[in-house]
Amino acid sequence: MIDDLTYRRFSQYLTILITISVGYRLFPYLFYSGIIGLDPHWYAVQISTVIDGGTTADIASPYYREAAGYIVYLAVILEILGLEPVDAGLVVAIFVGILPPLVGSVVVLQLTGRRWYPALVTAGILVVIQPLVRYSLWPIAQSLAILLFIVLFSVVLKLLSLENVHDDRVKPMTLLLFVLIIALALVHKFPVFIVALLLVCIAVASKLRIISNPAISSKLLGFIGIVLLSVWVLMTEFAANVILMTSELIFGGITVYSAPLEPAAATREKTGLVYILGRNLHWMALVIVSGVSWLAHIYNLHYQRYSERSKSALVFLLISSSLLMVILGASVIGGAVINPTRVVLLSALVLPILIGSSITYLGENRSITVAIVICLVVTQGIAFGTLPDDDTSARSFLNNGELEGKEFMNEYSPKPIYTDTYYAKAVSDPSNPNPWFMHSPNSQYQSYDQAVFNGSFSPLNPDRVAYRTKVDVYGHVPFGGYWSLDWKPRAELTTCAHRTYSNPNVEFYNTTPCEFE
């Protein structure tokens with residue numbers, strides 16, 4: 001249990017953990033140049049468009065014109081705080097640094113009878129968990145969706161732990177549940193799918209008397225889940241894909257698609273065992289430790305070691321984690337249907353709560369707890385791809401020289417300018433999105449990757465080329481993965497082209513005198 005003195009100490013420790021969490025996520029924004037990642041360039045432009053125009057009609061995506069929650073929420077927050085669209089990622093990083101460890105620790109406090117030790121362990125895991133760090137640094141729509149999801153998840157757990165339908169908290173929490181579902185639907189479609197399945201699972205578990213929940217109608221939750229699933233199927237491409245795949249199987253057999261040809265003048269990077277483990281060990285360790293915790297909960301359920309108040313909530317936690325693991329397995333096998341990273345991101349919210357709540361029922365054995373924490377902290381901390389520049393992949397931000405070069409070309413150069421795909425897409429000023437790479441022949445920047453990665457500029461014969469001199473590994477290319485060039489484009493450019501702008505990071509060439517072969 002937790003007395004006043006212990007509660008104050010718990011609050012102090014939790015504040016320290018949350019401070020570390022926010023600082024860990026803000027570090028790249030304070031010390032790296034440019035907008036981090038690939039997606040933030042697009043989102044920053046859309047946020048700027050909404051702020052300037054006051055409407056979502058000009059958002060450059062049919063889906064996000066309808067489900068514009070992420071863009072609109074950030075636009076409103078930035079306007080209130082007086083920040084620029086380029087700082088949108090900063091806001092997301094702060095929220096993701098605060099909310100998951102705070103909510104996760106509070107949930108575990110409730111599940112374990114207000115024991116502070118498991119709650120702090122849960123918060124600590126949520127501070128370092130790799131997906132929650134990565135997707136606060138590479139903010140996308142799902143980065144906001146996970147914040148809504150963990151609050152919604154905690155509301156469901158609380159509702160299941162209430163013992164009386166006349167409890168004053170039932171009506172406001174049920175209303176909050178509806179509001180969160182609507183808000184989540186306006187941000188991202190995948191978490192809504194998971195929420196719908198979980199609500200249906202509650203209804204089924206209640207029918208089978210696995211969950212006893214007198215405070216809220218499980219039939220109501222099941223009905224909401226079925227409605228959400230129906231709307232989800234109709235509003236997404238899911239139904240169309242099922243019909244298409246079925247018709248192909250019945251009438252046309254299975255269509256085999258050939259993989260795109262690999263470039264002739266580039267080498268694929270970092271595909272060895274160490275790299276594969278570095279990219280995947282973080283979620284594999286989380287799943288393994290969660291499996292042990294899942295078994296511990298099942299064992300204690302069998303021997304009825306839970307209070308009636310927490311039993312239904314803990315059973316729901318077990319069902320949630322099981323459902324996510326089944327979907328993760330399906331996504332790994334058939335990743336074209338469900339992106340595994342989306343499942344891992346939601347699992348990174350639920351599984352730490354599962355682990356933390358099991359510590360009490362392991363007898364708060366300190367050696368087991370320390371082993372769990374060390375295992376997770378190490379595997380999450382060394383995971384490849386967490387920070388924007390960890391030397392294991394292509395750099396996903398522009399440095400100062402590259403920003404200066406792009407600003408010069410935006411102002412003084414006619415179009416088109418040919419450069420690598422990432423530099424073409426990267427935005428230096430979201431409030432001026434006109435030079436943004438739009439896969440259009442009229443765009444100011446065009447990608448030269450299809451030609452250069454095959455050893456020559458000749459298929460393009462460009463008049464203007466921007467070459468980044470400090471890039472050795474390329475990502476975000478049409479061929480997928482990470483690549484290094486087998487030849488030196490700069491050597492060919494310097495022999496025939498006129499260099500009209502240069503700094504240590506970017507060289508801009510007028511290539512009209514060149515006769516590329």
# chains A, B, ... in the order shown; residues from 1 in each chain; ligands from 1

$ residues_around --residues "Ser293 in chain A" --least-positions-apart "6" --cutoff "8 Å" --atoms "only C-alpha atoms" --output "JSON, numbers by chain"
{"A": [354, 355, 358, 359]}

$ write_last_selection --atoms "N, CA and C atoms" --output "short mmCIF file (atom, residue, chain, number, x, y, z; two decimals), in the first residue's frame"
data_model
loop_
_atom_site.label_atom_id
_atom_site.label_comp_id
_atom_site.auth_asym_id
_atom_site.auth_seq_id
_atom_site.Cartn_x
_atom_site.Cartn_y
_atom_site.Cartn_z
N LEU A 354 1.45 -4.57 -18.64
CA LEU A 354 1.37 -6.00 -18.31
C LEU A 354 2.56 -6.43 -17.47
N ILE A 355 3.77 -5.99 -17.86
CA ILE A 355 4.98 -6.36 -17.12
C ILE A 355 4.98 -5.76 -15.73
N SER A 358 2.63 -7.32 -13.20
CA SER A 358 2.96 -8.69 -12.79
C SER A 358 4.02 -8.73 -11.69
N ILE A 359 4.74 -7.62 -11.51
CA ILE A 359 5.84 -7.62 -10.53
C ILE A 359 5.33 -7.88 -9.12
#

$ residues_around --residues "Cys201 in chain A" --least-positions-apart "6" --cutoff "10 Å" --atoms "only C-alpha atoms" --output "PyMOL selection string"
chain A and resi 195+207+218+221-222+225+316+319-320+323

$ residues_around --residues "range 303-311 of chain A" --least-positions-apart "4" --cutoff "10 Å" --atoms "only C-alpha atoms" --output "list in words"
Gln110, Leu111, Thr112, Gly113, Leu157, Lys158, Leu160, Ser161, Leu162, Glu163, Ile210, Ile211, Ser212, Asn213, His297, Ile298, Tyr299, Val315, Phe316, Leu317 and Tyr361 of chain A

$ write_last_selection --atoms "C-alpha atoms" --output "compact mmCIF listing (two decimals), in the first residue's frame"
# COMPACT_ATOMS: atom_id res chain seq x y z
CA GLN A 110 -4.71 0.89 -9.51
CA LEU A 111 -4.16 -2.67 -10.71
CA THR A 112 -1.74 -3.58 -7.92
CA GLY A 113 -3.56 -2.08 -4.95
CA LEU A 157 -9.49 -0.56 -17.43
CA LYS A 158 -10.95 1.83 -14.85
CA LEU A 160 -13.92 -2.57 -15.67
CA SER A 161 -12.60 -2.15 -12.14
CA LEU A 162 -15.68 -0.25 -10.90
CA GLU A 163 -18.03 -2.45 -8.90
CA ILE A 210 -14.57 -14.54 -17.93
CA ILE A 211 -15.11 -10.86 -17.14
CA SER A 212 -17.59 -9.71 -14.54
CA ASN A 213 -18.41 -6.04 -14.98
CA HIS A 297 -0.85 -13.48 -14.42
CA ILE A 298 -2.47 -16.69 -15.71
CA TYR A 299 -0.94 -18.64 -12.82
CA VAL A 315 -8.26 -10.18 -17.56
CA PHE A 316 -8.87 -7.38 -20.07
CA LEU A 317 -5.16 -6.55 -19.95
CA TYR A 361 2.51 -11.09 -8.09

$ residues_around --residues "range 119-127 of chain A" --least-positions-apart "4" --cutoff "8 Å" --atoms "only C-alpha atoms" --output "number ranges by chain"
A: 10, 13-14, 17-18, 20-21, 97, 100-102, 104-109, 115, 132-133, 348-349, 352-353, 355-357, 373, 376-377

$ write_last_selection --atoms "N, CA, C and O atoms" --output "CSV table (one decimal), in the first residue's frame"
chain,number,residue,atom,x,y,z
A,10,PHE,N,7.0,8.7,-4.2
A,10,PHE,CA,6.7,8.2,-5.5
A,10,PHE,C,6.5,9.3,-6.5
A,10,PHE,O,7.0,9.2,-7.6
A,13,TYR,N,9.9,10.6,-7.6
A,13,TYR,CA,10.6,9.6,-8.5
A,13,TYR,C,9.9,9.7,-9.9
A,13,TYR,O,10.6,9.6,-10.9
A,14,LEU,N,8.6,9.7,-9.9
A,14,LEU,CA,7.9,9.7,-11.2
A,14,LEU,C,8.2,11.0,-11.9
A,14,LEU,O,8.4,11.0,-13.1
A,17,LEU,N,11.6,10.6,-13.5
A,17,LEU,CA,11.5,9.8,-14.7
A,17,LEU,C,10.9,10.5,-15.9
A,17,LEU,O,11.4,10.4,-17.0
A,18,ILE,N,9.8,11.3,-15.6
A,18,ILE,CA,9.2,12.0,-16.7
A,18,ILE,C,10.1,13.1,-17.3
A,18,ILE,O,10.2,13.4,-18.5
A,20,ILE,N,13.4,13.0,-17.3
A,20,ILE,CA,14.4,12.3,-18.2
A,20,ILE,C,13.7,11.9,-19.5
A,20,ILE,O,14.3,12.0,-20.6
A,21,SER,N,12.5,11.4,-19.4
A,21,SER,CA,11.8,11.0,-20.7
A,21,SER,C,11.6,12.2,-21.7
A,21,SER,O,11.9,12.1,-22.8
A,97,GLY,N,6.7,12.2,-24.2
A,97,GLY,CA,7.6,12.0,-23.1
A,97,GLY,C,6.8,12.0,-21.8
A,97,GLY,O,7.3,11.4,-20.8
A,100,PRO,N,2.7,8.7,-21.7
A,100,PRO,CA,2.7,7.3,-21.4
A,100,PRO,C,3.3,6.9,-20.1
A,100,PRO,O,2.6,6.1,-19.4
A,101,PRO,N,4.4,7.4,-19.6
A,101,PRO,CA,4.9,7.0,-18.3
A,101,PRO,C,3.9,7.4,-17.2
A,101,PRO,O,3.8,6.7,-16.2
A,102,LEU,N,3.3,8.6,-17.3
A,102,LEU,CA,2.4,9.1,-16.3
A,102,LEU,C,1.1,8.2,-16.2
A,102,LEU,O,0.8,7.7,-15.1
A,104,GLY,N,0.7,5.2,-17.6
A,104,GLY,CA,1.0,3.8,-17.3
A,104,GLY,C,1.3,3.5,-15.8
A,104,GLY,O,0.8,2.5,-15.3
A,105,SER,N,1.9,4.4,-15.2
A,105,SER,CA,2.2,4.3,-13.7
A,105,SER,C,0.9,4.4,-12.9
A,105,SER,O,0.7,3.6,-11.9
A,106,VAL,N,0.0,5.3,-13.3
A,106,VAL,CA,-1.2,5.4,-12.6
A,106,VAL,C,-2.1,4.1,-12.7
A,106,VAL,O,-2.7,3.7,-11.8
A,107,VAL,N,-2.1,3.6,-13.9
A,107,VAL,CA,-2.9,2.4,-14.2
A,107,VAL,C,-2.3,1.2,-13.3
A,107,VAL,O,-3.1,0.5,-12.7
A,108,VAL,N,-1.0,1.1,-13.3
A,108,VAL,CA,-0.4,0.0,-12.5
A,108,VAL,C,-0.7,0.2,-11.0
A,108,VAL,O,-0.9,-0.8,-10.3
A,109,LEU,N,-0.7,1.4,-10.6
A,109,LEU,CA,-1.0,1.7,-9.2
A,109,LEU,C,-2.4,1.2,-8.8
A,109,LEU,O,-2.6,0.5,-7.8
A,115,ARG,N,0.5,-0.1,-5.1
A,115,ARG,CA,1.9,-0.4,-4.8
A,115,ARG,C,2.7,0.5,-5.7
A,115,ARG,O,2.7,0.4,-6.9
A,132,LEU,N,8.4,4.2,-28.6
A,132,LEU,CA,7.9,5.5,-28.1
A,132,LEU,C,8.9,6.6,-28.2
A,132,LEU,O,8.6,7.8,-28.2
A,133,VAL,N,10.2,6.2,-28.2
A,133,VAL,CA,11.2,7.2,-28.5
A,133,VAL,C,11.3,7.6,-30.0
A,133,VAL,O,11.3,8.8,-30.4
A,348,ALA,N,3.8,-1.3,-27.4
A,348,ALA,CA,4.8,-0.7,-26.5
A,348,ALA,C,4.1,0.1,-25.5
A,348,ALA,O,4.7,0.5,-24.5
A,349,LEU,N,2.8,0.3,-25.6
A,349,LEU,CA,2.0,1.0,-24.5
A,349,LEU,C,1.4,-0.1,-23.6
A,349,LEU,O,1.4,0.1,-22.4
A,352,PRO,N,4.3,-2.9,-21.4
A,352,PRO,CA,4.9,-2.4,-20.1
A,352,PRO,C,3.9,-2.4,-18.9
A,352,PRO,O,4.3,-2.7,-17.8
A,353,ILE,N,2.7,-2.1,-19.2
A,353,ILE,CA,1.7,-2.2,-18.1
A,353,ILE,C,1.5,-3.6,-17.7
A,353,ILE,O,1.4,-3.9,-16.5
A,355,ILE,N,3.8,-6.0,-17.9
A,355,ILE,CA,5.0,-6.4,-17.1
A,355,ILE,C,5.0,-5.8,-15.7
A,355,ILE,O,5.2,-6.4,-14.7
A,356,GLY,N,4.7,-4.5,-15.6
A,356,GLY,CA,4.7,-3.8,-14.3
A,356,GLY,C,3.7,-4.4,-13.4
A,356,GLY,O,4.0,-4.6,-12.2
A,357,SER,N,2.5,-4.7,-13.8
A,357,SER,CA,1.5,-5.2,-12.9
A,357,SER,C,1.8,-6.6,-12.5
A,357,SER,O,1.3,-7.0,-11.5
A,373,VAL,N,14.3,-5.1,-15.7
A,373,VAL,CA,14.6,-3.7,-16.1
A,373,VAL,C,15.9,-3.6,-16.9
A,373,VAL,O,16.0,-2.9,-17.9
A,376,LEU,N,15.4,-4.9,-20.5
A,376,LEU,CA,14.6,-4.0,-21.3
A,376,LEU,C,15.4,-2.7,-21.6
A,376,LEU,O,15.4,-2.2,-22.8
A,377,VAL,N,16.0,-2.1,-20.6
A,377,VAL,CA,16.7,-0.9,-20.8
A,377,VAL,C,17.9,-1.1,-21.8
A,377,VAL,O,18.1,-0.3,-22.7

$ residues_around --residues "Ala497 in chain A" --least-positions-apart "2" --cutoff "9 Å" --atoms "only C-alpha atoms" --output "PyMOL selection string"
chain A and resi 492-495+499+509-514

$ residues_around --residues "range 22-39 of chain A" --least-positions-apart "3" --cutoff "8 Å" --atoms "only C-alpha atoms" --output "ChimeraX atom specification"
/A:18-19,42-43,86,90,93-94,96-98,133,136-140,387-388,396-400,403,422,425-428

$ write_last_selection --atoms "N, CA, C and O atoms" --output "CSV table (one decimal), in the first residue's frame"
chain,number,residue,atom,x,y,z
A,18,ILE,N,9.8,11.3,-15.6
A,18,ILE,CA,9.2,12.0,-16.7
A,18,ILE,C,10.1,13.1,-17.3
A,18,ILE,O,10.2,13.4,-18.5
A,19,THR,N,10.9,13.8,-16.4
A,19,THR,CA,11.8,14.8,-16.8
A,19,THR,C,12.9,14.1,-17.7
A,19,THR,O,13.2,14.7,-18.8
A,42,TRP,N,6.4,16.5,-44.7
A,42,TRP,CA,5.1,16.6,-45.3
A,42,TRP,C,4.1,17.2,-44.3
A,42,TRP,O,3.3,18.1,-44.6
A,43,TYR,N,4.1,16.7,-43.0
A,43,TYR,CA,3.2,17.2,-42.0
A,43,TYR,C,3.4,18.7,-41.7
A,43,TYR,O,2.4,19.4,-41.5
A,86,VAL,N,7.4,24.3,-38.0
A,86,VAL,CA,8.7,23.5,-37.9
A,86,VAL,C,8.8,22.9,-36.5
A,86,VAL,O,9.5,21.9,-36.3
A,90,LEU,N,8.4,19.1,-32.0
A,90,LEU,CA,8.8,19.4,-30.6
A,90,LEU,C,7.6,19.2,-29.6
A,90,LEU,O,7.8,18.6,-28.6
A,93,ALA,N,7.0,15.5,-29.2
A,93,ALA,CA,8.0,14.8,-28.4
A,93,ALA,C,7.7,15.1,-26.9
A,93,ALA,O,7.9,14.2,-26.1
A,94,ILE,N,7.3,16.3,-26.5
A,94,ILE,CA,7.0,16.6,-25.1
A,94,ILE,C,5.8,15.8,-24.6
A,94,ILE,O,5.8,15.2,-23.6
A,96,VAL,N,4.6,12.9,-25.8
A,96,VAL,CA,4.9,11.5,-25.8
A,96,VAL,C,5.9,11.2,-24.6
A,96,VAL,O,5.9,10.1,-24.0
A,97,GLY,N,6.7,12.2,-24.2
A,97,GLY,CA,7.6,12.0,-23.1
A,97,GLY,C,6.8,12.0,-21.8
A,97,GLY,O,7.3,11.4,-20.8
A,98,ILE,N,5.7,12.7,-21.7
A,98,ILE,CA,5.0,12.9,-20.4
A,98,ILE,C,3.9,11.8,-20.3
A,98,ILE,O,3.8,11.1,-19.2
A,133,VAL,N,10.2,6.2,-28.2
A,133,VAL,CA,11.2,7.2,-28.5
A,133,VAL,C,11.3,7.6,-30.0
A,133,VAL,O,11.3,8.8,-30.4
A,136,SER,N,8.4,9.6,-31.3
A,136,SER,CA,8.3,11.0,-30.8
A,136,SER,C,9.4,11.9,-31.6
A,136,SER,O,9.2,13.1,-31.7
A,137,LEU,N,10.4,11.2,-32.1
A,137,LEU,CA,11.4,12.0,-32.9
A,137,LEU,C,11.0,12.0,-34.3
A,137,LEU,O,11.4,12.9,-35.0
A,138,TRP,N,10.3,11.0,-34.8
A,138,TRP,CA,9.8,11.0,-36.2
A,138,TRP,C,8.3,11.1,-36.1
A,138,TRP,O,7.6,10.1,-36.3
A,139,PRO,N,7.8,12.3,-35.7
A,139,PRO,CA,6.4,12.4,-35.4
A,139,PRO,C,5.5,12.2,-36.7
A,139,PRO,O,5.7,12.8,-37.7
A,140,ILE,N,4.6,11.3,-36.5
A,140,ILE,CA,3.6,11.0,-37.6
A,140,ILE,C,2.2,11.0,-36.9
A,140,ILE,O,2.1,11.2,-35.7
A,387,LEU,N,17.7,7.0,-32.7
A,387,LEU,CA,18.0,8.4,-32.9
A,387,LEU,C,18.2,8.7,-34.4
A,387,LEU,O,18.4,7.8,-35.2
A,388,PRO,N,18.1,10.0,-34.7
A,388,PRO,CA,18.1,10.3,-36.1
A,388,PRO,C,19.5,10.0,-36.9
A,388,PRO,O,19.5,9.9,-38.1
A,396,SER,N,18.4,11.1,-41.5
A,396,SER,CA,17.1,11.5,-41.8
A,396,SER,C,16.8,12.9,-41.3
A,396,SER,O,15.8,13.2,-40.7
A,397,PHE,N,17.8,13.8,-41.5
A,397,PHE,CA,17.6,15.2,-41.3
A,397,PHE,C,18.6,16.0,-42.1
A,397,PHE,O,19.6,15.4,-42.5
A,398,LEU,N,18.4,17.2,-42.3
A,398,LEU,CA,19.4,18.1,-43.0
A,398,LEU,C,20.3,18.8,-42.1
A,398,LEU,O,19.8,19.3,-41.1
A,399,ASN,N,21.6,18.8,-42.3
A,399,ASN,CA,22.5,19.6,-41.5
A,399,ASN,C,22.4,21.1,-42.0
A,399,ASN,O,21.8,21.4,-42.9
A,400,ASN,N,23.2,21.9,-41.3
A,400,ASN,CA,23.1,23.3,-41.5
A,400,ASN,C,23.5,23.7,-43.0
A,400,ASN,O,22.9,24.5,-43.6
A,403,LEU,N,20.8,22.7,-45.4
A,403,LEU,CA,19.7,23.7,-45.3
A,403,LEU,C,20.0,25.0,-46.0
A,403,LEU,O,19.2,25.6,-46.8
A,422,TYR,N,15.9,12.0,-50.9
A,422,TYR,CA,15.7,12.6,-49.6
A,422,TYR,C,15.9,14.1,-49.6
A,422,TYR,O,15.0,14.9,-49.1
A,425,LYS,N,12.9,15.8,-51.3
A,425,LYS,CA,11.7,15.8,-50.4
A,425,LYS,C,11.9,16.8,-49.3
A,425,LYS,O,10.9,17.3,-48.8
A,426,ALA,N,13.1,16.9,-48.7
A,426,ALA,CA,13.3,17.7,-47.5
A,426,ALA,C,12.8,19.1,-47.6
A,426,ALA,O,13.2,19.8,-48.6
A,427,VAL,N,12.1,19.6,-46.7
A,427,VAL,CA,11.6,21.0,-46.7
A,427,VAL,C,12.5,21.8,-45.7
A,427,VAL,O,12.7,21.5,-44.6
A,428,SER,N,13.0,23.0,-46.3
A,428,SER,CA,13.7,23.9,-45.4
A,428,SER,C,12.9,24.9,-44.7
A,428,SER,O,13.2,25.4,-43.7

$ select_by_dssp --residues "range 288-352 of chain A" --states "helix (DSSP H, G or I)" --output "PyMOL selection string"
chain A and resi 288-302+308-333+340-352

$ select_by_dssp --residues "range 380-499 of chain A" --states "strand (DSSP E or B)" --output "PyMOL selection string"
chain A and resi 417-419+445-447+464-468+474+483-485+498-499

$ residues_around --residues "range 476-484 of chain A" --least-positions-apart "6" --cutoff "12 Å" --atoms "only C-alpha atoms" --output "PyMOL selection string"
chain A and resi 37-39+259-271+275+391-397+419-426+447-455

$ write_last_selection --atoms "N, CA and C atoms" --output "CSV table (one decimal), in the first residue's frame"
chain,number,residue,atom,x,y,z
A,37,GLY,N,13.5,13.3,-39.8
A,37,GLY,CA,12.7,12.3,-40.4
A,37,GLY,C,12.1,12.6,-41.7
A,38,LEU,N,11.4,11.7,-42.3
A,38,LEU,CA,10.8,11.9,-43.6
A,38,LEU,C,9.4,12.5,-43.5
A,39,ASP,N,8.5,11.9,-42.7
A,39,ASP,CA,7.2,12.3,-42.6
A,39,ASP,C,7.0,13.8,-42.1
A,259,ALA,N,9.9,-8.4,-58.0
A,259,ALA,CA,10.5,-7.4,-57.2
A,259,ALA,C,11.2,-6.4,-58.1
A,260,PRO,N,11.2,-5.1,-57.7
A,260,PRO,CA,11.9,-4.1,-58.6
A,260,PRO,C,13.4,-4.5,-58.8
A,261,LEU,N,13.9,-4.2,-59.9
A,261,LEU,CA,15.3,-4.5,-60.2
A,261,LEU,C,16.2,-3.7,-59.3
A,262,GLU,N,17.2,-4.3,-58.8
A,262,GLU,CA,18.2,-3.7,-57.9
A,262,GLU,C,19.1,-2.8,-58.8
A,263,PRO,N,19.6,-1.7,-58.3
A,263,PRO,CA,20.4,-0.8,-59.1
A,263,PRO,C,21.8,-1.5,-59.4
A,264,ALA,N,22.3,-1.1,-60.6
A,264,ALA,CA,23.6,-1.7,-61.1
A,264,ALA,C,24.8,-1.1,-60.5
A,265,ALA,N,24.8,0.1,-59.9
A,265,ALA,CA,26.0,0.8,-59.5
A,265,ALA,C,25.9,1.2,-58.0
A,266,ALA,N,25.2,0.3,-57.2
A,266,ALA,CA,25.1,0.6,-55.8
A,266,ALA,C,25.1,-0.7,-55.0
A,267,THR,N,25.5,-0.7,-53.8
A,267,THR,CA,25.6,-1.9,-52.9
A,267,THR,C,24.6,-1.7,-51.7
A,268,ARG,N,23.8,-2.7,-51.5
A,268,ARG,CA,22.9,-2.7,-50.3
A,268,ARG,C,23.7,-2.7,-49.0
A,269,GLU,N,23.4,-1.9,-48.1
A,269,GLU,CA,24.1,-1.8,-46.8
A,269,GLU,C,23.5,-2.5,-45.7
A,270,LYS,N,24.3,-3.0,-44.8
A,270,LYS,CA,23.9,-3.5,-43.4
A,270,LYS,C,22.7,-4.4,-43.4
A,271,THR,N,22.9,-5.6,-44.1
A,271,THR,CA,21.9,-6.6,-44.1
A,271,THR,C,22.3,-7.8,-43.3
A,275,TYR,N,23.0,-6.4,-37.8
A,275,TYR,CA,22.0,-5.3,-38.2
A,275,TYR,C,20.6,-5.7,-38.0
A,391,ASP,N,24.5,6.1,-37.3
A,391,ASP,CA,25.5,5.4,-38.2
A,391,ASP,C,25.0,4.0,-38.6
A,392,THR,N,23.8,3.6,-38.5
A,392,THR,CA,23.3,2.3,-38.9
A,392,THR,C,22.4,2.5,-40.1
A,393,SER,N,22.1,3.7,-40.5
A,393,SER,CA,21.1,3.9,-41.6
A,393,SER,C,21.4,5.3,-42.2
A,394,ALA,N,20.6,5.6,-43.2
A,394,ALA,CA,20.7,6.9,-43.8
A,394,ALA,C,20.3,8.0,-42.8
A,395,ARG,N,21.0,9.1,-42.9
A,395,ARG,CA,20.7,10.2,-42.0
A,395,ARG,C,19.3,10.8,-42.4
A,396,SER,N,18.4,11.1,-41.5
A,396,SER,CA,17.1,11.5,-41.8
A,396,SER,C,16.8,12.9,-41.3
A,397,PHE,N,17.8,13.8,-41.5
A,397,PHE,CA,17.6,15.2,-41.3
A,397,PHE,C,18.6,16.0,-42.1
A,419,THR,N,18.5,15.9,-57.7
A,419,THR,CA,19.3,15.5,-56.5
A,419,THR,C,18.8,14.2,-56.0
A,420,ASP,N,19.4,13.7,-54.9
A,420,ASP,CA,18.9,12.5,-54.3
A,420,ASP,C,17.5,12.7,-53.7
A,421,THR,N,16.8,11.6,-53.6
A,421,THR,CA,15.3,11.6,-53.2
A,421,THR,C,15.1,12.3,-51.9
A,422,TYR,N,15.9,12.0,-50.9
A,422,TYR,CA,15.7,12.6,-49.6
A,422,TYR,C,15.9,14.1,-49.6
A,423,TYR,N,16.9,14.6,-50.3
A,423,TYR,CA,17.2,16.0,-50.3
A,423,TYR,C,16.1,16.7,-51.2
A,424,ALA,N,15.6,16.0,-52.2
A,424,ALA,CA,14.5,16.6,-53.0
A,424,ALA,C,13.2,16.7,-52.1
A,425,LYS,N,12.9,15.8,-51.3
A,425,LYS,CA,11.7,15.8,-50.4
A,425,LYS,C,11.9,16.8,-49.3
A,426,ALA,N,13.1,16.9,-48.7
A,426,ALA,CA,13.3,17.7,-47.5
A,426,ALA,C,12.8,19.1,-47.6
A,447,SER,N,14.1,13.7,-58.4
A,447,SER,CA,15.1,12.7,-57.9
A,447,SER,C,15.9,12.2,-59.1
A,448,TYR,N,17.2,12.0,-58.9
A,448,TYR,CA,18.1,11.4,-59.9
A,448,TYR,C,18.4,10.0,-59.5
A,449,ASP,N,17.8,9.4,-58.5
A,449,ASP,CA,18.3,8.1,-58.0
A,449,ASP,C,18.2,7.0,-59.1
A,450,GLN,N,17.1,7.0,-59.8
A,450,GLN,CA,17.0,5.9,-60.8
A,450,GLN,C,18.1,5.9,-61.8
A,451,ALA,N,18.7,7.0,-62.2
A,451,ALA,CA,19.8,7.1,-63.1
A,451,ALA,C,21.1,6.9,-62.4
A,452,VAL,N,21.3,7.7,-61.3
A,452,VAL,CA,22.7,7.7,-60.6
A,452,VAL,C,23.0,6.4,-60.0
A,453,PHE,N,21.9,5.7,-59.4
A,453,PHE,CA,22.2,4.4,-58.8
A,453,PHE,C,22.4,3.3,-59.8
A,454,ASN,N,22.3,3.7,-61.1
A,454,ASN,CA,22.6,2.7,-62.2
A,454,ASN,C,23.9,3.2,-62.9
A,455,GLY,N,24.6,4.2,-62.4
A,455,GLY,CA,25.9,4.5,-62.8
A,455,GLY,C,26.1,5.7,-63.7

$ atom_distance --atom1 "CA of Lys171 in chain A" --atom2 "CA of Phe223 in chain A"
17.5 Å
